[in-house]
Structures are given as structure tokens and as C-alpha cells.
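Asker: Provided herewith: final_6.cif, mmCIF, C-alpha atoms and all ligand atoms.
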```cif
data_run
#
loop_
_atom_site.label_atom_id
_atom_site.label_comp_id
_atom_site.auth_asym_id
_atom_site.auth_seq_id
_atom_site.Cartn_x
_atom_site.Cartn_y
_atom_site.Cartn_z
CA MET A 163 -3.62 24.16 -16.60
CA ASN A 164 -1.29 21.48 -15.08
CA ASP A 165 0.59 24.44 -13.72
CA THR A 166 2.04 22.91 -10.63
CA PRO A 167 5.85 23.11 -10.20
CA LEU A 168 6.01 19.41 -11.10
CA GLY A 169 3.70 19.99 -14.10
CA GLN A 170 6.17 22.52 -15.47
CA LYS A 171 9.06 20.13 -14.97
CA LEU A 172 7.22 17.26 -16.68
CA ARG A 173 6.23 19.48 -19.60
CA ARG A 174 9.91 20.37 -20.13
CA LEU A 175 10.86 16.69 -19.92
CA ILE A 176 8.21 15.68 -22.48
CA ALA A 177 9.16 18.55 -24.80
CA ALA A 178 12.79 17.37 -24.70
CA ASN A 179 12.37 13.58 -24.71
CA GLY A 180 8.89 12.87 -26.05
CA PRO A 181 5.92 11.28 -24.25
CA MET A 182 6.54 9.25 -21.08
CA SER A 183 5.03 5.96 -19.93
CA VAL A 184 2.28 5.92 -17.30
CA SER A 185 4.74 4.34 -14.87
CA GLU A 186 7.30 7.14 -15.35
CA TYR A 187 4.55 9.73 -14.86
CA MET A 188 3.30 8.01 -11.70
CA ALA A 189 6.82 7.70 -10.28
CA HIS A 190 7.45 11.42 -10.85
CA CYS A 191 4.08 12.44 -9.37
CA LEU A 192 4.56 10.45 -6.17
CA GLY A 193 8.30 10.48 -5.65
CA ASP A 194 9.95 13.46 -7.41
CA ALA A 195 12.71 14.57 -5.02
CA ALA A 196 11.57 18.21 -4.99
CA HIS A 197 7.86 18.21 -5.90
CA GLY A 198 6.54 14.63 -5.49
CA TYR A 199 3.23 14.13 -3.70
CA TYR A 200 4.67 12.11 -0.81
CA THR A 201 7.97 13.98 -0.76
CA THR A 202 6.37 17.28 0.02
CA ARG A 203 3.46 16.63 2.38
CA ASP A 204 1.58 14.71 5.02
CA PRO A 205 -1.54 13.76 3.05
CA PHE A 206 -3.51 11.95 5.75
CA GLY A 207 -6.59 12.73 7.81
CA ALA A 208 -9.64 14.94 7.66
CA GLY A 209 -7.64 18.05 6.68
CA GLY A 210 -5.60 16.15 4.07
CA ASP A 211 -6.47 14.10 1.01
CA PHE A 212 -7.42 10.66 2.32
CA THR A 213 -7.73 8.58 5.49
CA THR A 214 -6.22 5.11 5.88
CA ALA A 215 -7.36 2.31 8.21
CA PRO A 216 -4.78 2.97 10.96
CA GLU A 217 -5.86 6.63 10.95
CA VAL A 218 -9.51 5.60 11.32
CA SER A 219 -8.95 3.85 14.63
CA GLN A 220 -6.31 2.31 16.91
CA MET A 221 -8.37 -0.91 16.71
CA PHE A 222 -6.93 -1.65 13.26
CA GLY A 223 -3.31 -1.59 14.48
CA GLU A 224 -4.16 -3.51 17.63
CA ILE A 225 -5.73 -6.36 15.68
CA VAL A 226 -2.90 -6.39 13.14
CA GLY A 227 -0.36 -6.33 15.99
CA ALA A 228 -1.97 -9.32 17.72
CA TRP A 229 -2.01 -11.15 14.36
CA LEU A 230 1.69 -10.45 13.78
CA ILE A 231 2.66 -11.76 17.21
CA GLU A 232 0.69 -14.95 16.49
CA ALA A 233 2.41 -15.22 13.08
CA TRP A 234 5.76 -14.82 14.86
CA ARG A 235 4.91 -17.73 17.19
CA LEU A 236 3.73 -19.87 14.27
CA SER A 237 7.03 -19.31 12.49
CA GLY A 238 8.98 -20.58 15.52
CA SER A 239 9.40 -17.31 17.49
CA PRO A 240 12.61 -16.26 15.68
CA ASP A 241 14.92 -14.01 17.71
CA PRO A 242 16.06 -11.59 16.40
CA VAL A 243 13.28 -10.71 13.96
CA ALA A 244 12.96 -7.61 11.77
CA LEU A 245 9.57 -5.92 12.16
CA VAL A 246 9.39 -4.24 8.76
CA GLU A 247 6.81 -1.76 7.55
CA LEU A 248 6.68 -0.56 3.96
CA GLY A 249 5.43 3.04 3.63
CA PRO A 250 4.50 3.70 7.28
CA GLY A 251 2.79 7.06 6.59
CA ARG A 252 2.37 8.87 9.90
CA GLY A 253 3.75 5.94 11.93
CA THR A 254 0.35 5.34 13.55
CA LEU A 255 0.08 1.64 12.64
CA MET A 256 3.57 0.86 13.97
CA ALA A 257 2.88 2.81 17.19
CA ASP A 258 -0.33 0.80 17.77
CA ILE A 259 1.50 -2.47 17.05
CA LEU A 260 4.33 -1.62 19.47
CA ARG A 261 1.77 -0.89 22.21
CA VAL A 262 0.37 -4.41 21.77
CA ALA A 263 3.89 -5.87 21.50
CA ALA A 264 4.89 -4.32 24.84
CA ARG A 265 2.61 -6.89 26.49
CA VAL A 266 4.64 -9.76 24.97
CA PRO A 267 8.18 -9.12 26.26
CA GLY A 268 9.76 -12.03 24.38
CA PHE A 269 8.49 -10.65 21.09
CA ARG A 270 9.32 -7.06 21.94
CA ARG A 271 12.90 -7.97 22.84
CA ALA A 272 13.35 -9.97 19.61
CA ALA A 273 11.91 -7.33 17.25
CA SER A 274 13.83 -4.46 15.67
CA VAL A 275 11.76 -1.83 13.87
CA GLN A 276 12.75 -1.36 10.22
CA LEU A 277 10.85 1.23 8.18
CA VAL A 278 11.02 1.50 4.40
CA GLU A 279 10.13 5.08 3.53
CA THR A 280 11.29 7.39 0.75
CA SER A 281 9.58 10.59 1.88
CA PRO A 282 11.72 12.83 4.13
CA THR A 283 8.58 14.61 5.34
CA LEU A 284 6.93 11.39 6.46
CA ARG A 285 10.18 9.99 7.93
CA LYS A 286 10.26 13.00 10.21
CA HIS A 287 6.65 12.41 11.23
CA GLN A 288 7.44 8.74 11.92
CA ALA A 289 10.45 9.72 14.05
CA ASP A 290 8.27 12.06 16.12
CA VAL A 291 5.63 9.39 16.70
CA LEU A 292 7.94 6.42 17.33
CA GLY A 293 11.00 8.10 18.80
CA ALA A 294 10.37 7.19 22.44
CA PRO A 295 13.29 6.11 24.64
CA GLY A 296 14.04 2.40 24.23
CA ILE A 297 12.57 2.24 20.73
CA ASP A 298 15.22 1.65 18.14
CA VAL A 299 14.02 2.50 14.63
CA GLN A 300 15.96 2.26 11.39
CA TRP A 301 14.89 3.75 8.06
CA HIS A 302 15.64 2.39 4.59
CA GLU A 303 15.12 3.64 1.04
CA ALA A 304 14.08 0.24 -0.28
CA PHE A 305 13.16 -3.22 0.99
CA GLY A 306 16.47 -4.58 -0.35
CA ASP A 307 18.33 -2.45 2.24
CA VAL A 308 16.61 -4.10 5.24
CA PRO A 309 19.21 -6.23 7.09
CA GLY A 310 18.99 -10.01 6.46
CA GLY A 311 17.28 -12.59 8.70
CA PRO A 312 13.69 -13.55 9.58
CA LEU A 313 11.09 -10.85 9.14
CA LEU A 314 7.54 -9.86 9.92
CA LEU A 315 6.48 -7.44 7.24
CA LEU A 316 3.50 -5.16 6.94
CA ALA A 317 2.30 -3.10 4.02
CA ASN A 318 -0.92 -1.12 4.39
CA GLU A 319 -1.89 0.94 1.33
CA PHE A 320 1.68 0.66 0.03
CA PHE A 321 1.45 -1.52 -3.07
CA ASP A 322 -1.21 0.77 -4.61
CA ALA A 323 1.42 3.53 -4.78
CA LEU A 324 3.86 1.54 -6.92
CA PRO A 325 4.00 2.64 -10.58
CA ILE A 326 2.01 0.66 -13.12
CA ARG A 327 2.24 0.38 -16.91
CA GLN A 328 -0.84 0.59 -19.09
CA PHE A 329 -1.45 -0.88 -22.55
CA VAL A 330 -4.25 -0.05 -25.00
CA ARG A 331 -5.76 -2.66 -27.29
CA ILE A 332 -5.46 -1.51 -30.91
CA GLY A 333 -6.60 -4.04 -33.45
CA ALA A 334 -4.75 -7.23 -32.60
CA THR A 335 -1.98 -5.59 -30.55
CA TRP A 336 -1.46 -4.10 -27.10
CA ARG A 337 0.41 -0.77 -27.31
CA GLU A 338 1.91 1.10 -24.36
CA ARG A 339 -0.17 4.05 -23.13
CA VAL A 340 1.91 7.19 -22.74
CA ILE A 341 1.45 10.76 -21.55
CA GLY A 342 2.33 13.60 -23.91
CA LEU A 343 1.15 17.16 -24.61
CA ASP A 344 -1.82 18.25 -26.73
CA ASP A 345 -1.93 21.34 -28.99
CA GLU A 346 -2.60 23.54 -25.98
CA GLU A 347 0.33 22.09 -24.03
CA ARG A 348 -1.95 20.15 -21.71
CA PHE A 349 -1.08 16.62 -20.62
CA ALA A 350 -2.90 14.05 -22.71
CA PHE A 351 -2.87 10.26 -22.99
CA GLY A 352 -1.50 8.83 -26.22
CA ILE A 353 -0.18 5.64 -27.75
CA GLY A 354 3.53 4.90 -27.59
CA ALA A 355 5.78 2.63 -29.60
CA GLY A 356 6.05 -0.13 -26.98
CA ARG A 357 4.09 -3.34 -27.51
CA LEU A 358 3.08 -6.20 -25.28
CA ASP A 359 3.78 -9.51 -26.96
CA HIS A 360 1.62 -12.03 -25.12
CA GLY A 361 -1.49 -10.15 -23.99
CA PRO A 362 -5.02 -11.57 -23.99
CA ALA A 363 -7.55 -10.76 -26.72
CA ALA A 364 -9.90 -7.87 -25.86
CA PRO A 365 -12.18 -5.34 -27.58
CA ASN A 366 -10.54 -2.40 -29.33
CA GLY A 367 -9.69 0.42 -26.90
CA SER A 368 -9.52 -1.84 -23.81
CA ILE A 369 -6.87 -1.05 -21.20
CA LEU A 370 -4.59 -3.60 -19.59
CA GLU A 371 -2.43 -2.79 -16.57
CA LEU A 372 0.86 -4.41 -15.58
CA ARG A 373 2.56 -3.88 -12.24
CA PRO A 374 6.23 -4.74 -12.70
CA ALA A 375 7.39 -2.84 -9.59
CA ALA A 376 4.87 -4.61 -7.33
CA ASP A 377 5.64 -8.03 -8.82
CA ALA A 378 9.41 -7.56 -8.45
CA LEU A 379 9.06 -6.42 -4.83
CA MET A 380 6.80 -9.38 -4.03
CA THR A 381 9.37 -11.75 -5.53
CA GLU A 382 12.12 -10.22 -3.39
CA MET A 383 9.99 -10.43 -0.21
CA ALA A 384 8.93 -14.01 -0.87
CA ARG A 385 12.53 -15.12 -1.47
CA ARG A 386 13.50 -13.59 1.87
CA ILE A 387 10.67 -15.39 3.66
CA VAL A 388 11.50 -18.74 2.06
CA GLU A 389 15.20 -18.38 2.88
CA HIS A 390 15.08 -16.82 6.37
CA GLY A 391 11.52 -17.39 7.62
CA GLY A 392 8.78 -15.01 8.68
CA THR A 393 5.55 -13.63 7.31
CA ALA A 394 4.26 -10.70 5.29
CA LEU A 395 0.81 -9.14 5.60
CA ILE A 396 -0.40 -7.02 2.72
CA VAL A 397 -3.53 -4.89 3.11
CA ASP A 398 -4.76 -2.83 0.21
CA TYR A 399 -7.65 -2.11 -2.11
CA GLY A 400 -7.88 -4.15 -5.22
CA HIS A 401 -9.35 -7.12 -6.94
CA ALA A 402 -8.74 -10.76 -6.16
CA ASP A 403 -8.47 -11.18 -9.95
CA ALA A 404 -7.66 -8.01 -11.88
CA GLY A 405 -8.60 -8.72 -15.50
CA ILE A 406 -8.89 -6.04 -18.16
CA GLY A 407 -9.74 -2.43 -17.30
CA GLU A 408 -8.30 0.77 -15.93
CA THR A 409 -7.86 1.35 -12.19
CA LEU A 410 -5.43 4.28 -12.23
CA GLN A 411 -6.96 6.97 -10.03
CA ALA A 412 -6.14 10.30 -8.43
CA VAL A 413 -7.52 11.53 -5.12
CA ALA A 414 -7.24 15.01 -3.61
CA ARG A 415 -9.11 16.42 -0.63
CA HIS A 416 -11.19 13.24 -0.24
CA ALA A 417 -12.53 13.32 -3.82
CA TYR A 418 -11.53 11.70 -7.11
CA ALA A 419 -9.51 13.94 -9.41
CA ASP A 420 -8.15 13.80 -12.96
CA PRO A 421 -4.74 12.08 -12.75
CA LEU A 422 -3.35 14.49 -15.37
CA GLU A 423 -4.70 17.66 -13.79
CA ALA A 424 -2.37 18.66 -10.94
CA PRO A 425 0.77 16.51 -11.00
CA GLY A 426 2.38 16.25 -7.57
CA GLU A 427 -0.69 17.59 -5.78
CA ALA A 428 -2.99 14.57 -5.92
CA ASP A 429 -2.35 11.02 -4.75
CA ILE A 430 -2.07 8.72 -7.77
CA THR A 431 -2.64 5.01 -7.24
CA ALA A 432 -3.85 1.86 -8.93
CA HIS A 433 -5.77 -1.10 -7.55
CA VAL A 434 -3.58 -3.94 -6.35
CA ASP A 435 -3.67 -7.14 -8.40
CA PHE A 436 -3.65 -9.77 -5.63
CA ALA A 437 -3.65 -12.68 -8.07
CA ALA A 438 -0.46 -11.36 -9.70
CA LEU A 439 1.16 -10.85 -6.28
CA ALA A 440 0.23 -14.40 -5.27
CA ARG A 441 1.69 -15.76 -8.51
CA ALA A 442 4.95 -13.89 -7.89
CA ALA A 443 5.18 -15.13 -4.27
CA GLU A 444 4.38 -18.74 -5.21
CA ALA A 445 6.85 -18.73 -8.09
CA ALA A 446 9.51 -17.79 -5.51
CA GLY A 447 8.52 -20.83 -3.41
CA ALA A 448 6.37 -19.13 -0.74
CA ALA A 449 2.77 -19.92 0.31
CA THR A 450 0.03 -17.29 0.10
CA HIS A 451 -3.13 -17.01 2.21
CA GLY A 452 -6.18 -15.05 1.07
CA PRO A 453 -6.84 -12.47 -0.15
CA MET A 454 -9.65 -12.14 2.36
CA PRO A 455 -11.91 -9.08 2.59
CA GLN A 456 -10.65 -6.71 5.32
CA GLY A 457 -14.00 -6.77 7.12
CA GLU A 458 -13.97 -10.56 7.37
CA PHE A 459 -10.34 -10.58 8.56
CA LEU A 460 -10.92 -8.01 11.31
CA VAL A 461 -14.17 -9.61 12.49
CA ALA A 462 -12.63 -13.10 12.61
CA LEU A 463 -9.86 -11.70 14.79
CA GLY A 464 -12.29 -10.13 17.26
CA ILE A 465 -12.51 -6.45 16.36
CA ALA A 466 -16.12 -6.22 17.60
CA ALA A 467 -15.11 -7.44 21.07
CA ARG A 468 -12.20 -5.01 21.04
CA ALA A 469 -14.60 -2.15 20.27
CA GLU A 470 -16.86 -3.27 23.14
CA ARG A 471 -13.94 -3.26 25.57
CA LEU A 472 -12.78 0.17 24.49
CA ALA A 473 -16.36 1.45 24.79
CA GLY A 474 -16.42 0.07 28.37
CA ASP A 475 -17.94 2.80 30.45
CA ALA A 476 -16.86 5.57 28.05
CA ASN A 477 -19.23 8.46 27.43
CA GLU A 478 -21.75 8.46 24.60
CA ALA A 479 -19.55 10.60 22.31
CA THR A 480 -16.66 8.13 22.54
CA ARG A 481 -18.99 5.17 22.03
CA HIS A 482 -20.35 6.85 18.93
CA THR A 483 -16.82 7.45 17.59
CA LEU A 484 -15.95 3.79 18.15
CA ARG A 485 -19.12 2.58 16.43
CA THR A 486 -18.48 4.83 13.43
CA ALA A 487 -14.84 3.70 13.18
CA LEU A 488 -15.78 0.03 13.41
CA GLU A 489 -18.39 0.48 10.69
CA ARG A 490 -15.89 2.26 8.47
CA LEU A 491 -13.31 -0.52 8.81
CA ILE A 492 -15.61 -3.51 8.31
CA ALA A 493 -18.87 -2.52 6.58
CA PRO A 494 -19.18 -3.95 3.05
CA HIS A 495 -20.00 -0.55 1.49
CA GLN A 496 -17.06 1.10 3.27
CA MET A 497 -13.59 -0.51 3.62
CA GLY A 498 -14.86 -4.01 4.41
CA ILE A 499 -14.84 -5.58 0.94
CA LEU A 500 -12.79 -3.44 -1.44
CA PHE A 501 -9.85 -3.66 0.96
CA LYS A 502 -8.30 -7.10 1.14
CA VAL A 503 -5.72 -8.87 3.26
CA MET A 504 -3.18 -11.38 1.98
CA ALA A 505 -0.47 -13.18 3.95
CA VAL A 506 2.76 -14.73 2.65
CA THR A 507 4.60 -17.44 4.60
CA ARG A 508 6.87 -20.40 4.09
CA PRO A 509 5.00 -23.43 2.76
CA GLY A 510 3.33 -25.48 5.51
CA VAL A 511 2.45 -22.53 7.76
CA ALA A 512 -1.30 -21.78 8.00
CA PRO A 513 -1.95 -18.58 9.93
CA PRO A 514 -5.50 -17.93 11.18
CA PRO A 515 -8.01 -16.75 10.07
CA PHE A 516 -7.21 -17.67 6.48
CA ALA A 517 -8.92 -20.77 5.19
CA PHE A 518 -7.16 -22.77 2.52
CA GLY A 519 -7.80 -21.58 -1.02
CA ARG A 520 -8.48 -18.13 -2.39
CA ILE A 521 -11.67 -16.12 -2.82
N1 LIG B 601 0.77 2.77 5.52
C1 LIG B 601 0.36 4.13 5.79
C2 LIG B 601 0.61 5.08 4.60
C3 LIG B 601 0.08 4.70 3.26
S1 LIG B 601 0.46 5.92 2.01
C4 LIG B 601 -1.09 4.15 6.22
O1 LIG B 601 -1.75 3.16 6.06
O2 LIG B 601 -1.53 5.19 6.73
C5 LIG B 601 1.89 5.28 1.22
C6 LIG B 601 3.17 5.36 2.02
O3 LIG B 601 4.21 4.76 1.25
C7 LIG B 601 3.68 6.75 2.37
O4 LIG B 601 4.33 6.68 3.62
C8 LIG B 601 4.67 7.03 1.23
O5 LIG B 601 5.59 8.03 1.52
C9 LIG B 601 5.31 5.67 1.07
N2 LIG B 601 5.86 5.37 -0.25
C10 LIG B 601 5.25 5.54 -1.46
N3 LIG B 601 6.02 5.03 -2.46
C11 LIG B 601 7.12 4.52 -1.85
C12 LIG B 601 8.28 3.83 -2.35
N4 LIG B 601 8.43 3.58 -3.65
N5 LIG B 601 9.20 3.42 -1.45
C13 LIG B 601 9.03 3.65 -0.12
N6 LIG B 601 7.97 4.29 0.40
C14 LIG B 601 7.03 4.73 -0.45
#
```
Would you mind giving the structure from this file in C-alpha cells?

Answerer:
Amino acid sequence: MNDTPLGQKLRRLIAANGPMSVSEYMAHCLGDAAHGYYTTRDPFGAGGDFTTAPEVSQMFGEIVGAWLIEAWRLSGSPDPVALVELGPGRGTLMADILRVAARVPGFRRAASVQLVETSPTLRKHQADVLGAPGIDVQWHEAFGDVPGGPLLLLANEFFDALPIRQFVRIGATWRERVIGLDDEERFAFGIGAGRLDHGPAAPNGSILELRPAADALMTEMARRIVEHGGTALIVDYGHADAGIGETLQAVARHAYADPLEAPGEADITAHVDFAALARAAEAAGAATHGPMPQGEFLVALGIAARAERLAGDANEATRHTLRTALERLIAPHQMGILFKVMAVTRPGVAPPPFAFGRI
């Protein structure tokens, strides 16, 4: 019964201070210094809890790498340029990008690798994967610590891990949803004192999510891009327009779990609200492109041809692996539609393959 080490700590905190907001709970679950989900483990791959696009196939990172180099050219080939990744996981995506970048010496010379990662466990993994001679990597706790200047920024499945707040519609008000303890000392959702002043009307019991951490980070990134130049590419699952409804979810061992069940031992995320991110970026003076479904983005940039080339005269087993990976990345019922890609640039830059306007 919520009896993880973090569960015990959170129960003590709630007993002492009263119920906590969903965003506090999420921040503890993912980032607690001793027992947080990302702090304590490498969650990726078949033996872990979930698999991300760069872990599915090198093709993902190769296409994204080629896109970034094109975005660098379109923004005037700045030198130096910070190649920033938020939440690099196992370092696989950055390794695939650097392999592509090695073929463009001007870009490779200009780029310094800047990783924003809070988990000591994953930092170590990233150092093992990227720590080849000649590769200079710097780690940062937060985006604000990345040295100034033009940047090319990547965030794959990062924004979904930022804490969200939830509100419940009660009568004519939106009240903050909190997590407390029931009579048997189990975690339970409840209604807190906080109110949302200007929420939309909705049926009683509806849930509304706000993402202040994501919006603030987007504002900071967009300001940097407007001031110093560069581009950001955000890839994540979520809706083009979020609306009302709950998207908080927990995943453990490749299956959905109860977010209150085993704090610190399941990944807790929420869908990304791309419309809110675009609003934040535009309010800071930047231009946004997309969101475009991941499948469409990868196909427009030639992932099928890339798969063909890799298949070359490989044996049937390898060809099968490539076909399965391609399907997983682009098929509508797999990652092709739920995952979306959005770019942020200075106004007046139009990176392919984004058409003007938003889906
Ligand atoms: N981009 C990788 C990993 C995605 S999982 C991939 O696609 O495989 C989320 C990553 O973000 C992990 O590396 C996690 O440790 C990191 N992370 C989560 N919250 C963070 C935060 N607030 N600041 C910095 N890194 C964070």
C-alpha cells in the first residue's frame, strides 16, 4: 500500500503539512533527490518501463540530426552554437546526431554539446555513451544555466515530465486538486483551497490541467532564440489543442499504472499542450511551426529512404527489425500521430517540412 521509500516520505510530509498539489506530488515522484523515479534508475528499453523514439531506432536521431543541421544553416550558420538537449535519457539521440554532424565539419566545429539533466544516474549513462575523445560535453541542472549565445535545442519526451497542476470543476468554480491520505492512510485525490479565477465553464467534476513549468521554460527558450538566434525542436505526445480533461498518467513495465500506487517507481507524465507552448513562445516574440504529427515529419524528411539504405543487402532478420522500427515510429496507431513535432525560431525563418499554419 504505497509502501515505497518515497511513499513513506510523502505520507510523513502530508501528515505534517496537509495535502499537496498534483504538481508537488509529480515533482517528488520524478525528481526526489534520494528516491525519485529518474534519480534512481535507467527506465528505458525492453527490460525497463518504456521505450522512446531514439531507443526504437538510430533512424530517428539521424533524421533529427539532419534537420538540425539544416535549421543551423537557415539561421545563418552561427559559430559557435550550443547544441542543447533537455533530458537526454541514455544519450542515444545525441550520439546519433553527432554521428550525422561528423559529416558536416563546419557544423561539428561550431557546436558545443550542452545537456540539461537532473538525474545523476542518467548523467553517468550519458557520459559513458558520449564520452569519446574530442567530444566536449557539459551538463547543467536547468536550461537557465546553459551559456548564452545562439542555440539549437532538442527536447524529446521531456516536456511531458514537467509537473502539472490540476483543477476540478465544482459548481461555478475551479478548485485545485490535491493529494492527501484516506482513512486507511492510502494516497487519495481531494479538493484543496486553491481556486482558479478565470477558467472556462465546464460540467461539474471536469478536470482542467495547467502546465506552469512547461510554459515558463518555453518562454525562457523563446526569449533566448529571439535574442541570440537558433531553433528549438520539441517532440512529445500530446494534443494540438488540449481542452478540458485529465491526461496525468503513470507507466511501469510497459503498462499503465495508478499514479498514486507506487510513488517513485512508475514514470508519471502528462500530455503536452502544444497550443499553450506555442502561445508562450509567440508571446515572447518567437515564431512556431507545427505541431506536425511525428509520422508526417519523419516521412517528409525521408525516413523511408533511410530505412531502405540501411536495409541495403542486410540479412532478413535486420530487414525485419528495420521494418518494425519504421512502423513503430511512423504508423498512425503507433507513435505516428499521438507524438507531435513543433519547432520554434525567430520570426521570418521557415524550416522544412513545416507548412505555414497549425494543425
Ligand atoms: N529524451 C530521452 C529521455 C526522455 S525521459 C529519450 O527520448 O529517450 C525524460 C528525461 O528528462 C530523463 O533523462 C530525465 O532524467 C530528464 N528530466 C526529467 N525532468 C527533468 C527536469 N526537471 N530537468 C532536467 N531533466 C529532467

Asker: In terms of the shortest atom-to-atom distance over all atoms listed in the file, which of A:Trp301, A:Phe329, A:Phe349, A:Trp234 is closest to ligand LIG 601 (chain B)?

Answerer: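 Closest to ligand LIG 601 (chain B), using all atoms listed in the file: A:Trp301.
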
Asker: Please, what distance in Å, to one decimal, runs between CA of Ala273 (chain A) and CA of Leu313 (chain A)?

Answerer: 8.9 Å

Asker: Please extract the residues at most 9 Å from ligand LIG 601 (chain B), counting all atoms listed in the file, and provide them as a ChimeraX atom specification, using the chain letters and residue numbers of this document.

Answerer: /A:189,192-193,199-201,203-206,213-217,247-255,277-285,302-305,316-325,375,397-398,429

Asker: Which residue gives the smallest distance to Phe501 (chain A) among A:Gln220, A:Asn366, A:Gln276, A:Gln456, with all atoms listed in the file counted?

Answerer: A:Gln456

Asker: Provide the CA of Ala462 (chain A) to CA of Ala394 (chain A) distance in Å, to one decimal place.

Answerer: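 Straight-line distance from CA of Ala462 (chain A) to CA of Ala394 (chain A) works out to 18.6 Å.
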
Asker: Tell me which protein, DNA and RNA residues are within 10 Å of region 478-491 of chain A, counting only C-alpha atoms, leaving out same-chain ones fewer than 4 positions away, and put them as a list of chain:residue names.

Answerer: A:Thr214, A:Ala215, A:Pro216, A:Glu217, A:Val218, A:Ser219, A:Gln220, A:Met221, A:Phe222, A:Gln456, A:Gly457, A:Leu460, A:Val461, A:Ile465, A:Ala466, A:Arg468, A:Ala469, A:Glu470, A:Leu472, A:Ala473, A:Gly474, A:His495, A:Gln496, A:Met497, A:Gly498, A:Ile499, A:Phe501

Asker: If you measure from CA of Pro513 (chain A) to CA of Gly452 (chain A), what distance in Å do you get, rounded to one decimal?

Answerer: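 Separation of CA of Pro513 (chain A) and CA of Gly452 (chain A): 10.4 Å.
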
Asker: What lies within 9 Å of Ala446 (chain A) using only C-alpha atoms, ignoring chain neighbours under 6 positions off, as a VMD selection string?

Answerer: chain A and resid 380 to 382 384 to 385 388

Asker: Which one of A:Gly352, A:Pro240, A:Pro425, A:Gly407 sits closest to Pro167 (chain A) if you count all atoms listed in the file?

Answerer: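 Of A:Gly352, A:Pro240, A:Pro425, A:Gly407, the one nearest Pro167 (chain A), counting all atoms listed in the file, is A:Pro425.
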
Asker: Can I get the residues of region 181-257 of chain A within 10 Å of region 408-417 of chain A, each with the closest pair of atoms and their distance in Å to one decimal, using all atoms listed in the file, sorted chain first then ascending number, as JSON lines?

Answerer:
```
{"residue": "A:Val184", "atom": "CA", "partner": "A:Leu410", "partner_atom": "CA", "distance": 9.4}
{"residue": "A:Met188", "atom": "CA", "partner": "A:Leu410", "partner_atom": "CA", "distance": 9.5}
{"residue": "A:Pro205", "atom": "CA", "partner": "A:Arg415", "partner_atom": "CA", "distance": 8.8}
{"residue": "A:Phe206", "atom": "CA", "partner": "A:Arg415", "partner_atom": "CA", "distance": 9.6}
{"residue": "A:Gly207", "atom": "CA", "partner": "A:His416", "partner_atom": "CA", "distance": 9.3}
{"residue": "A:Ala208", "atom": "CA", "partner": "A:His416", "partner_atom": "CA", "distance": 8.2}
{"residue": "A:Gly209", "atom": "CA", "partner": "A:Arg415", "partner_atom": "CA", "distance": 7.6}
{"residue": "A:Gly210", "atom": "CA", "partner": "A:Arg415", "partner_atom": "CA", "distance": 5.9}
{"residue": "A:Asp211", "atom": "CA", "partner": "A:Arg415", "partner_atom": "CA", "distance": 3.9}
{"residue": "A:Phe212", "atom": "CA", "partner": "A:His416", "partner_atom": "CA", "distance": 5.2}
{"residue": "A:Thr213", "atom": "CA", "partner": "A:His416", "partner_atom": "CA", "distance": 8.2}
```

Asker: Might you pull out every residue within 6 Å of Gly354 (chain A), with only C-alpha atoms counted and same-chain residues fewer than 4 positions away left off, and present them as an mmCIF file with C-alpha atoms, in the frame of the given file?

Answerer:
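Output file out_21.cif is given in full below:
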```cif
data_model
loop_
_atom_site.group_PDB
_atom_site.id
_atom_site.type_symbol
_atom_site.label_atom_id
_atom_site.label_comp_id
_atom_site.auth_asym_id
_atom_site.auth_seq_id
_atom_site.Cartn_x
_atom_site.Cartn_y
_atom_site.Cartn_z
ATOM 1 C CA GLU A 338 1.910 1.100 -24.360
ATOM 2 C CA ARG A 339 -0.170 4.050 -23.130
ATOM 3 C CA VAL A 340 1.910 7.190 -22.740
#
```

Asker: Which residue gives the smallest distance to Asp344 (chain A) among A:Arg173, A:Phe516, A:Arg235, A:Pro242, with all atoms listed in the file counted?

Answerer: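 Looking only at the distances to Asp344 (chain A), the closest residue turns out to be A:Arg173.
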
Asker: With all atoms listed in the file as the basis for distance, which of A:Thr393, A:Thr202, A:Ala350, A:Lys502 is at the shortest distance from Ser239 (chain A)?

Answerer: A:Thr393

Asker: Of the residues A:Val291, A:Met256, A:Leu172, A:Leu314, which is the one nearest to His190 (chain A), using all atoms listed in the file?

Answerer: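 Answer, going by the shortest atom-to-atom distance: A:Leu172.
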
Asker: Env of Phe269 (chain A): 12 Å cut, atoms = all atoms listed in the file, seq-sep filter 3 positions within chain, self excluded. Answer as a ChimeraX atom specification.

Answerer: /A:227-228,230-235,238-245,259-266,272-275,314

Asker: From (6.5, 20.8, -13.5), in the file's coordinates, out to 12 Å: which residues are reached, counting all atoms listed in the file? Answer as a tab-separated table (two decimals) with C-alpha atoms, keeping the file's coordinate frame.

Answerer:
```tsv
chain	number	residue	atom	x	y	z
A	163	MET	CA	-3.62	24.16	-16.60
A	164	ASN	CA	-1.29	21.48	-15.08
A	165	ASP	CA	0.59	24.44	-13.72
A	166	THR	CA	2.04	22.91	-10.63
A	167	PRO	CA	5.85	23.11	-10.20
A	168	LEU	CA	6.01	19.41	-11.10
A	169	GLY	CA	3.70	19.99	-14.10
A	170	GLN	CA	6.17	22.52	-15.47
A	171	LYS	CA	9.06	20.13	-14.97
A	172	LEU	CA	7.22	17.26	-16.68
A	173	ARG	CA	6.23	19.48	-19.60
A	174	ARG	CA	9.91	20.37	-20.13
A	175	LEU	CA	10.86	16.69	-19.92
A	176	ILE	CA	8.21	15.68	-22.48
A	177	ALA	CA	9.16	18.55	-24.80
A	187	TYR	CA	4.55	9.73	-14.86
A	190	HIS	CA	7.45	11.42	-10.85
A	191	CYS	CA	4.08	12.44	-9.37
A	194	ASP	CA	9.95	13.46	-7.41
A	196	ALA	CA	11.57	18.21	-4.99
A	197	HIS	CA	7.86	18.21	-5.90
A	198	GLY	CA	6.54	14.63	-5.49
A	348	ARG	CA	-1.95	20.15	-21.71
A	349	PHE	CA	-1.08	16.62	-20.62
A	422	LEU	CA	-3.35	14.49	-15.37
A	423	GLU	CA	-4.70	17.66	-13.79
A	424	ALA	CA	-2.37	18.66	-10.94
A	425	PRO	CA	0.77	16.51	-11.00
A	426	GLY	CA	2.38	16.25	-7.57
A	427	GLU	CA	-0.69	17.59	-5.78
```

Asker: Need the shell around Gly367 (chain A): protein/DNA/RNA residues with any atom at most 8 Å away, counting all atoms listed in the file. Skip same-chain ones fewer than 2 positions apart. Format as a ChimeraX atom specification?

Answerer: /A:330-332,365,369
